[in-house]
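Note sheet for the following structure.
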Amino acid sequence: MTWETVIGLETHVELATKTKIFCSCTTEFGGAPNTHCCPVCTGMPGTLPVLNEKVLEFAVKAGIALNGEITRHCKFDRKNYFYPDLPKAYQVSQLYLPIVRNGKVPIRTESGTEKVIRIHELHMEEDAGKLVHDPWLDQTKCDYNRCGVPLIEIVTEPDFRTSKEVIAYLEKLKSTLQYLGVSDCKMQEGSLRCDVNLSVRPAGSTQLGTRTEMKNLSSFKAIARAIAYESRRQIELIEEGKKVLQETRRWDENKDATFAMRSKEDAQDYRYFPEPDIPPLVISAEYLDDVRRRQPEMAEEKMVRYQQEYDLPVYDAQMLTEQKALADFFESCVTLGAEAKQSANWIMGQVLGQLSAKAMEAKNMKLTPSTLVTLISMVKEGRLNRNTAVKVFEDVFDTDEDVEEYVKVHGLAQINDPTALAAAVEKVFAANSQSVTDYRSGKEKAYGFLVGQVMREMKGRADPQAVNEAVRDKLSG
Amino acid sequence: MKITEEMVDYIALLSRLKPDAEEKVQMTAELEKIVSYMDVLNILDTDGVEPLSHVFPIRNVMRSDEVSSSFPREELLKNAPSRDDEAFLAPKAVEG
Amino acid sequence: MMELYRMTALELGTVLRKGELSPADALAAARERIAACQKNNNAFITVLDPSPTSLGAGPLAGVPMALKDNICTKGVKTSCASKILGDFAPPYDATVAERLVAAGAVCLGKLNMDEFAMGSTSETSFYGPTRNPWALDRVPGGSSGGAAAAVAAGEVWYAIGSDTGGSIRQPAAYCGVTGMKPTYGTVSRYGLIAYASSLDQMGPIARSAADCAAVLDIIQGMDPRDGTSLEGSYGGFLSSLTGDVRGLKIGIPADCFGDGLDSEVRRAVLAVAEVLKSRGAAVEEFSLPIMEYVVPTYYIIASAEASSNLSRFDGVKYGWRAEGYKDLADLYARTRTEGFGAEVKRRIMLGTFVLSAGYYDAYYKKALQVKAVIKKAYDEAFQKYDMLLAPVSPTTAPKLGESLSDPLKMYLSDIYTVPLNLAGLPGISVPCGFDSKGLPIGAQLIGPALGDGVILNAAHAFQFETDFHRQIPETKGGVSA
């Protein structure tokens, strides 16, 4: 029997606000335990929440970008459960009237076709604190720095069939949220977290199987492997005539497997009810228009514009706009006077090459657009040959050193002295008379060899065009 | 509305309360009496009535996204029944 | 000069301002009175020993007062009369406390109450019951029983209580003092340890309506730390007390004067209408056919919110922690089972039940719908009337130990006070007589939303004509100093 895997995602994204959702403590990552806290976010009795206006704005921005319907009359609810990472013993969240419903995210599947992932809802909520077990004390330490950091939770319909689709969606989501500036989406710092709901069913069936929820997925790679593992596990269970249990499972990175989490002592009965301390939100048409007007140019729009305005091929436009930081980098290069296609080539070749070699994201790179632009113009002005320029680029990528200075210090400037070139040609021809003879007898390959030797004689710093011409002239002379 | 001891067990678990056997019997009886009395609300037809959670039409109360300094940690920790220099301490709660 | 404890807060303020007395003299008088009364009535949980401050501006500057023990005071134990809070000393002041201090108030301590403000007798306190200064074998009412008793006994000149379902008005009535629950949202709840957030509101208990007006002028006002606080123009209640009620249309809901109301209470409350009529008000009976729904609606909503609000008391961050626990779950269960009293646990259980899967719609959602119906009934009443008159409680103060055995019966006695909390309306309890046992009776004046000034003025008019609010318990064989 062939099986189909059905996947839905719940993604938590930390919003890039300066302050927490209900108090004015900083959201800055890190910090000694319990130093980004106040009576409100540590749930002290008598304290009250007051909503950060940026949280609403960011949620609405995300909702618009994900093509969702904004709930014009929305409320917060309390989700009640006991756990030491939740000092009030309830999380302020949204159940009954989430800020966004019915979104749509188009993704490109492996076969190259477009598929639309439906967003069930997007809601605002507060993050919980961090618990660290101290083996010496045999006690759990409660650090509430993350408590009250604003989150949006984005819940999809069970629309995914493969891990590739899941990754494509997450890449798209991440790119979109970064474009909007509503989150930095750093998985390693936990600002983007993803729970995977997965079930399997016989291919062609329209009924959903029993699903499990997987947690602790800290990278895209982990997500892909967990999906592969979990669908195999479920299929094996069913084929052995056993049942899949509806449960929460934890992905263990080291063991490359999922494990059932210790079942909570009680049923998941969160007793949601409207949060009495926070008045409802009414989203006016003016507010929505204003947010829409201020929505930044998104990847799709940039792609179209790059093709029209800069005459770039579709491929280039797509590559450049996948990451907002890369698109910004590209636009800065153009603004600083570099030619668009030249910039695109350098970015897609050298910049992406370095990023992938160093497993970095564009937004973390140190190299500035002005450095690349200087390099491009040095090549264009014949002051640096292209191959040397690539080496210089690689050398300054991590440091963003002044390239003019670097070229001078390392003596890499292009030699444009015709006398020096003529002398080098003389010397090479004299030392390689056999190659000259070979060429004249029709062996085309000998030409390339001679060019290479001249370039070497020039220590690689000659203008390749000029070397070509000089060798050809000499051969035909 | 009939309240059973199983229901009381479940509610007690959700509430993180552990009544002893005697208390449980009493709670069951009391809850049944109170809840049954509350069933009087069913006399009133409320079809189509919007539930009223906030009594006055206050809307959109928000603050600007400006950081103020956090609280001195010691002030936050000083009422804790168990703590160290930097954190509240609880019995083991971390999984895995 | 009359004994200081017989003065109203404003009278004492005037004497202080005129320099006839120093703030230190006022403090000394309060201390002396507390020393004499506390052992009898147990009105205080914590007695403070403040030093006299230099006299500020304002009519109540330098006047000693006290706060109910669910109002956070920086560095001062705030217990909610519960074992579970232990010696919790909040690192912050409630907005109300800040405002009072800024107005020159001197806080003499923290007042006894029903545990977590859940009760009508002040007997559920971990720190022992408060007794009614008028008859020490009787309850002072609750939950702000300590506040009402302390003012009645003359230990402080005013107190701040909280009212979720009548917890200011009912003890004020039982103790023969004036107590007001203002419009929801006009007094910041920041720093009030929540019982039921959508219903809780703090307010003054004092001898006179004028005192209450002066206190409200200080504590009311928009607070950016409380998202439910109402914007508006505040202050000026005291200066606009004219006592002029000519043309005031007063509605008397017949449904509040039916079966279950003690006949002596009925007579005294209806007499208030006659007094106001004699000063030019128009009085009319009308029907308010929602009264049988108000108590269940109130207890469903209040318990639901309480079950959530009180979940944070778990022995981890503050307060008391049980001993001998095996693990985290056991720590939670032991701390909460041993740390909360019976009435609190009953309401937590009830609240958890009405919110739990399968029962939410039938109980909690239904109650929110009925709440809408109740609010609408009041809205309609206030299209016809400027103010309503009702009893505060069906009876005068019961004896200690009489009420707790039957929780449902106790809940039912809240019938006249809870609808105001559901509808967010202001209500003031004014002393209007004594029953044949010599126990005080209170009448409730009810205003429309933000009509706080209307009922204060009507209460002031009534107190202009009567002296029930000037009676002191010792004259009736109660607490003597």
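In the structure tokens, the first chain shown is A, the next is B, and so on; residue numbers restart at 1 for each chain, and ligands run from 1 in the order shown.
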
message = Which residues are close to A:Ile238, i.e. within 12 Å by only C-alpha atoms, leaving aside same-chain residues fewer than 6 positions away? Reply as a PyMOL selection string.
response = chain A and resi 1+3+199-202+209-210+231-232+244-245

Output N, CA, C and O atoms for every residue in that selection, as an mmCIF file, in the first residue's frame.
```cif
data_model
loop_
_atom_site.group_PDB
_atom_site.id
_atom_site.type_symbol
_atom_site.label_atom_id
_atom_site.label_comp_id
_atom_site.auth_asym_id
_atom_site.auth_seq_id
_atom_site.Cartn_x
_atom_site.Cartn_y
_atom_site.Cartn_z
ATOM 1 N N MET A 1 0.848 -1.209 0.000
ATOM 2 C CA MET A 1 0.000 0.000 0.000
ATOM 3 C C MET A 1 0.880 1.255 0.000
ATOM 4 O O MET A 1 1.924 1.284 0.643
ATOM 5 N N TRP A 3 1.345 5.138 1.050
ATOM 6 C CA TRP A 3 0.867 5.988 2.123
ATOM 7 C C TRP A 3 1.088 7.452 1.802
ATOM 8 O O TRP A 3 2.033 7.808 1.114
ATOM 9 N N SER A 199 0.143 13.113 10.410
ATOM 10 C CA SER A 199 -0.588 11.842 10.390
ATOM 11 C C SER A 199 -0.350 11.202 9.028
ATOM 12 O O SER A 199 0.127 11.852 8.098
ATOM 13 N N VAL A 200 -0.648 9.918 8.940
ATOM 14 C CA VAL A 200 -0.521 9.238 7.640
ATOM 15 C C VAL A 200 -1.867 8.606 7.284
ATOM 16 O O VAL A 200 -2.693 8.353 8.168
ATOM 17 N N ARG A 201 -2.060 8.367 5.988
ATOM 18 C CA ARG A 201 -3.284 7.702 5.539
ATOM 19 C C ARG A 201 -2.988 7.039 4.200
ATOM 20 O O ARG A 201 -2.059 7.441 3.501
ATOM 21 N N PRO A 202 -3.773 6.032 3.855
ATOM 22 C CA PRO A 202 -3.571 5.404 2.552
ATOM 23 C C PRO A 202 -3.743 6.443 1.453
ATOM 24 O O PRO A 202 -4.640 7.289 1.545
ATOM 25 N N GLY A 209 -5.796 10.592 9.382
ATOM 26 C CA GLY A 209 -5.423 9.605 10.388
ATOM 27 C C GLY A 209 -5.230 10.278 11.743
ATOM 28 O O GLY A 209 -5.366 11.502 11.870
ATOM 29 N N THR A 210 -4.880 9.484 12.747
ATOM 30 C CA THR A 210 -4.589 10.057 14.066
ATOM 31 C C THR A 210 -3.244 10.767 13.998
ATOM 32 O O THR A 210 -2.268 10.216 13.497
ATOM 33 N N SER A 231 6.774 9.790 9.993
ATOM 34 C CA SER A 231 5.823 9.153 9.066
ATOM 35 C C SER A 231 6.175 7.672 8.910
ATOM 36 O O SER A 231 5.287 6.828 8.869
ATOM 37 N N ARG A 232 7.468 7.350 8.929
ATOM 38 C CA ARG A 232 7.875 5.942 8.863
ATOM 39 C C ARG A 232 7.354 5.190 10.097
ATOM 40 O O ARG A 232 6.788 4.115 10.002
ATOM 41 N N VAL A 244 -1.911 4.353 16.048
ATOM 42 C CA VAL A 244 -1.145 5.549 16.354
ATOM 43 C C VAL A 244 -1.871 6.259 17.497
ATOM 44 O O VAL A 244 -3.089 6.402 17.455
ATOM 45 N N LEU A 245 -1.124 6.627 18.525
ATOM 46 C CA LEU A 245 -1.744 7.342 19.646
ATOM 47 C C LEU A 245 -1.657 8.838 19.413
ATOM 48 O O LEU A 245 -0.625 9.345 18.959
#
```

Determine, for each residue of stretch 41-99 of chain A having at least one atom at most 12 Å from an atom of stretch 71-86 of chain B, the closest pair of atoms and their separation in Å to one decimal, counting only C-alpha atoms; order by chain and ascending number, as a Markdown table.
```
| residue | atom | partner | partner_atom | distance |
| --- | --- | --- | --- | --- |
| A:Cys41 | CA | B:Phe71 | CA | 10.4 |
| A:Thr42 | CA | B:Leu76 | CA | 7.9 |
| A:Gly43 | CA | B:Leu76 | CA | 10.2 |
| A:Met44 | CA | B:Leu76 | CA | 8.6 |
| A:Pro45 | CA | B:Asn79 | CA | 11.8 |
```

Atoms kept (N, CA and C atoms) for selection, written as a PDB file, in the first residue's frame:
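Contents of again-v2.pdb, freshly written:
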```pdb
ATOM      1  N   CYS A  41       5.580  41.099  34.370  1.00  0.00           N
ATOM      2  CA  CYS A  41       5.924  39.886  33.614  1.00  0.00           C
ATOM      3  C   CYS A  41       6.308  38.726  34.520  1.00  0.00           C
ATOM      4  N   THR A  42       6.518  38.983  35.818  1.00  0.00           N
ATOM      5  CA  THR A  42       6.734  37.848  36.720  1.00  0.00           C
ATOM      6  C   THR A  42       5.431  37.460  37.419  1.00  0.00           C
ATOM      7  N   GLY A  43       4.329  38.059  36.975  1.00  0.00           N
ATOM      8  CA  GLY A  43       3.015  37.629  37.467  1.00  0.00           C
ATOM      9  C   GLY A  43       2.762  37.932  38.928  1.00  0.00           C
ATOM     10  N   MET A  44       3.342  39.027  39.431  1.00  0.00           N
ATOM     11  CA  MET A  44       3.107  39.368  40.838  1.00  0.00           C
ATOM     12  C   MET A  44       1.639  39.743  41.035  1.00  0.00           C
ATOM     13  N   PRO A  45       1.086  39.430  42.195  1.00  0.00           N
ATOM     14  CA  PRO A  45      -0.330  39.722  42.430  1.00  0.00           C
ATOM     15  C   PRO A  45      -0.626  41.221  42.349  1.00  0.00           C
TER      16      PRO A  45
END
```

ask   = Taking the backbone alone, and naming residues the way the document does, which bits of stretch 328-381 of chain A are alpha helix (DSSP H) by DSSP, as JSON, numbers by chain?
value = {"A": [328, 329, 330, 331, 332, 333, 334, 335, 340, 341, 342, 343, 344, 345, 346, 352, 353, 354, 355, 356, 357, 369, 370, 371, 372, 373, 374, 375, 376, 377, 378, 379, 380]}

If you keep C-alpha atoms, can you produce a file of those selected residues as a CSV table (one decimal), in the first residue's frame?
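As written to disk, part.csv reads:
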```csv
chain,number,residue,atom,x,y,z
A,328,ASP,CA,18.8,45.3,0.5
A,329,PHE,CA,22.4,44.7,-0.2
A,330,PHE,CA,21.8,44.6,-3.9
A,331,GLU,CA,19.8,47.8,-3.9
A,332,SER,CA,22.5,49.6,-1.9
A,333,CYS,CA,25.1,48.5,-4.5
A,334,VAL,CA,23.0,50.0,-7.3
A,335,THR,CA,22.3,53.2,-5.3
A,340,ALA,CA,22.8,46.3,-11.7
A,341,LYS,CA,23.8,43.2,-13.6
A,342,GLN,CA,27.4,43.4,-12.4
A,343,SER,CA,26.1,43.7,-8.8
A,344,ALA,CA,23.7,40.8,-9.3
A,345,ASN,CA,26.5,38.6,-10.7
A,346,TRP,CA,28.8,39.3,-7.8
A,352,LEU,CA,26.1,33.7,-1.9
A,353,GLY,CA,29.1,31.4,-2.4
A,354,GLN,CA,30.8,32.8,0.7
A,355,LEU,CA,27.5,32.7,2.7
A,356,SER,CA,26.9,29.1,1.9
A,357,ALA,CA,30.5,28.1,2.5
A,369,PRO,CA,27.7,47.2,-0.1
A,370,SER,CA,30.3,50.0,-0.5
A,371,THR,CA,33.1,47.5,-0.3
A,372,LEU,CA,31.7,45.4,-3.1
A,373,VAL,CA,30.9,48.5,-5.1
A,374,THR,CA,34.6,49.7,-4.8
A,375,LEU,CA,35.7,46.3,-5.9
A,376,ILE,CA,33.4,46.3,-8.9
A,377,SER,CA,34.5,49.8,-10.0
A,378,MET,CA,38.2,48.9,-9.6
A,379,VAL,CA,37.7,46.0,-12.0
A,380,LYS,CA,35.7,48.2,-14.4
```

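If only C-alpha atoms are the atoms counted, then among A:Cys23, A:Val403, A:Val196, A:Ala65 the closest residue to chain C is A:Cys23.
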
inquiry  = For stretch 126-142 of chain A, find every residue with an atom within 7 Å (counting only C-alpha atoms), except residues of its own chain fewer than 3 positions away, and show them as a PyMOL selection string.
reply    = (chain A and resi 21+84-86+91-93+145-151) or (chain B and resi 87-94)

With C-alpha atoms retained, export the selected residues as a compact mmCIF listing (two decimals), in the first residue's frame.
```txt
# COMPACT_ATOMS: atom_id res chain seq x y z
CA ILE A 21 3.75 42.47 25.06
CA PRO A 84 6.71 26.97 36.56
CA ASP A 85 7.63 28.72 33.30
CA LEU A 86 4.26 30.49 33.37
CA GLN A 91 -0.99 32.52 29.18
CA VAL A 92 -2.66 35.52 27.61
CA SER A 93 -3.46 34.33 24.10
CA ASN A 145 13.42 37.06 31.01
CA ARG A 146 11.51 35.57 28.06
CA CYS A 147 8.19 35.78 29.89
CA GLY A 148 5.95 38.23 28.09
CA VAL A 149 8.02 38.48 24.94
CA PRO A 150 5.39 38.91 22.22
CA LEU A 151 4.68 36.01 19.91
CA ALA B 87 16.40 32.53 39.98
CA PHE B 88 13.27 31.13 41.57
CA LEU B 89 13.74 27.46 42.44
CA ALA B 90 11.17 24.74 41.93
CA PRO B 91 11.29 20.97 42.12
CA LYS B 92 12.40 19.32 38.89
CA ALA B 93 10.16 20.41 36.04
CA VAL B 94 12.31 20.00 32.95
```

Contact check, chain B to chain C, at most 9 Å, counting only C-alpha atoms, closest pairs as JSON lines:
```
{"residue": "B:Met7", "atom": "CA", "partner": "C:Phe353", "partner_atom": "CA", "distance": 8.6}
{"residue": "B:Val8", "atom": "CA", "partner": "C:Met349", "partner_atom": "CA", "distance": 8.1}
{"residue": "B:Ile11", "atom": "CA", "partner": "C:Phe353", "partner_atom": "CA", "distance": 6.1}
{"residue": "B:Ala12", "atom": "CA", "partner": "C:Met349", "partner_atom": "CA", "distance": 6.6}
{"residue": "B:Leu13", "atom": "CA", "partner": "C:Ala333", "partner_atom": "CA", "distance": 8.4}
{"residue": "B:Leu14", "atom": "CA", "partner": "C:Thr352", "partner_atom": "CA", "distance": 7.3}
{"residue": "B:Ser15", "atom": "CA", "partner": "C:Thr352", "partner_atom": "CA", "distance": 6.7}
{"residue": "B:Arg16", "atom": "CA", "partner": "C:Ala333", "partner_atom": "CA", "distance": 4.8}
{"residue": "B:Leu17", "atom": "CA", "partner": "C:Ala333", "partner_atom": "CA", "distance": 4.9}
{"residue": "B:Lys18", "atom": "CA", "partner": "C:Ala333", "partner_atom": "CA", "distance": 5.8}
{"residue": "B:Pro19", "atom": "CA", "partner": "C:Thr337", "partner_atom": "CA", "distance": 7.0}
{"residue": "B:Met27", "atom": "CA", "partner": "C:Arg346", "partner_atom": "CA", "distance": 7.3}
{"residue": "B:Glu30", "atom": "CA", "partner": "C:Pro407", "partner_atom": "CA", "distance": 8.0}
{"residue": "B:Leu31", "atom": "CA", "partner": "C:Leu350", "partner_atom": "CA", "distance": 6.9}
{"residue": "B:Lys33", "atom": "CA", "partner": "C:Leu408", "partner_atom": "CA", "distance": 7.7}
{"residue": "B:Ile34", "atom": "CA", "partner": "C:Leu408", "partner_atom": "CA", "distance": 6.2}
{"residue": "B:Val35", "atom": "CA", "partner": "C:Leu350", "partner_atom": "CA", "distance": 8.1}
{"residue": "B:Tyr37", "atom": "CA", "partner": "C:Pro296", "partner_atom": "CA", "distance": 7.3}
{"residue": "B:Met38", "atom": "CA", "partner": "C:Pro296", "partner_atom": "CA", "distance": 5.0}
{"residue": "B:Asp39", "atom": "CA", "partner": "C:Pro296", "partner_atom": "CA", "distance": 8.2}
{"residue": "B:Val40", "atom": "CA", "partner": "C:Tyr293", "partner_atom": "CA", "distance": 7.2}
{"residue": "B:Leu41", "atom": "CA", "partner": "C:Tyr293", "partner_atom": "CA", "distance": 6.1}
{"residue": "B:Asn42", "atom": "CA", "partner": "C:Lys366", "partner_atom": "CA", "distance": 8.2}
{"residue": "B:Leu44", "atom": "CA", "partner": "C:Val370", "partner_atom": "CA", "distance": 7.8}
{"residue": "B:Asp45", "atom": "CA", "partner": "C:Val370", "partner_atom": "CA", "distance": 9.0}
{"residue": "B:Thr46", "atom": "CA", "partner": "C:Gln369", "partner_atom": "CA", "distance": 6.3}
{"residue": "B:Asp47", "atom": "CA", "partner": "C:Gln369", "partner_atom": "CA", "distance": 8.7}
{"residue": "B:Gly48", "atom": "CA", "partner": "C:Gln369", "partner_atom": "CA", "distance": 8.9}
{"residue": "B:Val49", "atom": "CA", "partner": "C:Gln369", "partner_atom": "CA", "distance": 5.7}
{"residue": "B:Glu50", "atom": "CA", "partner": "C:Gln369", "partner_atom": "CA", "distance": 6.0}
{"residue": "B:Pro51", "atom": "CA", "partner": "C:Gln369", "partner_atom": "CA", "distance": 4.2}
{"residue": "B:Leu52", "atom": "CA", "partner": "C:Leu368", "partner_atom": "CA", "distance": 5.0}
{"residue": "B:Ser53", "atom": "CA", "partner": "C:Leu368", "partner_atom": "CA", "distance": 6.2}
{"residue": "B:His54", "atom": "CA", "partner": "C:Ser198", "partner_atom": "CA", "distance": 6.9}
{"residue": "B:Val55", "atom": "CA", "partner": "C:Gly424", "partner_atom": "CA", "distance": 6.3}
{"residue": "B:Phe56", "atom": "CA", "partner": "C:Gly424", "partner_atom": "CA", "distance": 7.6}
{"residue": "B:Ile58", "atom": "CA", "partner": "C:Thr228", "partner_atom": "CA", "distance": 7.2}
{"residue": "B:Asn60", "atom": "CA", "partner": "C:Gly227", "partner_atom": "CA", "distance": 8.9}
{"residue": "B:Val61", "atom": "CA", "partner": "C:Gly227", "partner_atom": "CA", "distance": 5.7}
{"residue": "B:Met62", "atom": "CA", "partner": "C:Gly227", "partner_atom": "CA", "distance": 7.6}
{"residue": "B:Arg63", "atom": "CA", "partner": "C:Pro224", "partner_atom": "CA", "distance": 7.9}
{"residue": "B:Glu75", "atom": "CA", "partner": "C:Pro91", "partner_atom": "CA", "distance": 6.0}
{"residue": "B:Leu76", "atom": "CA", "partner": "C:Pro91", "partner_atom": "CA", "distance": 7.1}
{"residue": "B:Leu77", "atom": "CA", "partner": "C:Lys317", "partner_atom": "CA", "distance": 7.4}
{"residue": "B:Lys78", "atom": "CA", "partner": "C:Tyr318", "partner_atom": "CA", "distance": 8.1}
{"residue": "B:Asn79", "atom": "CA", "partner": "C:Tyr318", "partner_atom": "CA", "distance": 4.7}
{"residue": "B:Ala80", "atom": "CA", "partner": "C:Tyr318", "partner_atom": "CA", "distance": 4.3}
{"residue": "B:Pro81", "atom": "CA", "partner": "C:Tyr318", "partner_atom": "CA", "distance": 6.1}
{"residue": "B:Ser82", "atom": "CA", "partner": "C:Val316", "partner_atom": "CA", "distance": 7.1}
{"residue": "B:Arg83", "atom": "CA", "partner": "C:Lys317", "partner_atom": "CA", "distance": 8.8}
{"residue": "B:Phe88", "atom": "CA", "partner": "C:Lys317", "partner_atom": "CA", "distance": 6.4}
{"residue": "B:Leu89", "atom": "CA", "partner": "C:Val316", "partner_atom": "CA", "distance": 7.0}
{"residue": "B:Ala90", "atom": "CA", "partner": "C:Val316", "partner_atom": "CA", "distance": 6.2}
{"residue": "B:Pro91", "atom": "CA", "partner": "C:Leu328", "partner_atom": "CA", "distance": 5.1}
{"residue": "B:Lys92", "atom": "CA", "partner": "C:Leu328", "partner_atom": "CA", "distance": 6.6}
{"residue": "B:Ala93", "atom": "CA", "partner": "C:Leu328", "partner_atom": "CA", "distance": 6.7}
```

key: Top pick for closest residue to chain A, considering B:Gln26, B:Tyr10, B:Ala21, B:Met1 and counting only C-alpha atoms   =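 Distance minimum relative to chain A lands on B:Tyr10.
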
ask   = Tell me, which residues of stretch 113-248 of chain A carry DSSP strand (DSSP E or B), written as a PyMOL selection string?
value = chain A and resi 114-126+130-134+139-143+150-156+160+192-202+212-215+248

task = Please identify every residue of chain A that has at least one atom no more than 9 Å from any atom of chain B, counting only C-alpha atoms, and report them as a PyMOL selection string.
result = chain A and resi 17-27+32-39+42+44+50-55+81-84+131-134+138-144+250+261-262+265-267+269-270+274-283

inquiry  = Measuring between only C-alpha atoms, which one of A:Phe29, A:Tyr90, A:Tyr179, A:Phe449 shows the shortest distance to chain C?
reply    =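 The answer is A:Tyr90, which sits nearest to chain C.
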
note = Closest of A:Arg225, A:Arg292, A:Lys363, A:Arg233 to A:Ile64, counting only C-alpha atoms, is A:Arg292

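With only C-alpha atoms taken into account, the protein and nucleic acid residues at most 6 Å from stretch 104-108 of chain A (excluding it and anything under 5 positions from it in its own chain) are Leu66, Asn67, Thr113, Glu114, Lys115, Val116, Ile117, Arg118, Ile119 and Tyr169 of chain A.
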
message = With distances taken over only C-alpha atoms, which residue among C:Asp137, C:Tyr158, C:Tyr190, C:Val96 lies nearest C:Ser208?
response = C:Tyr158

ask   = So which one's closest to chain A, C:Gln220, C:Thr130, C:Ser162, C:Asn309? Using only C-alpha atoms, please.
value =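 With only C-alpha atoms as the atom set, the closest residue is C:Asn309.
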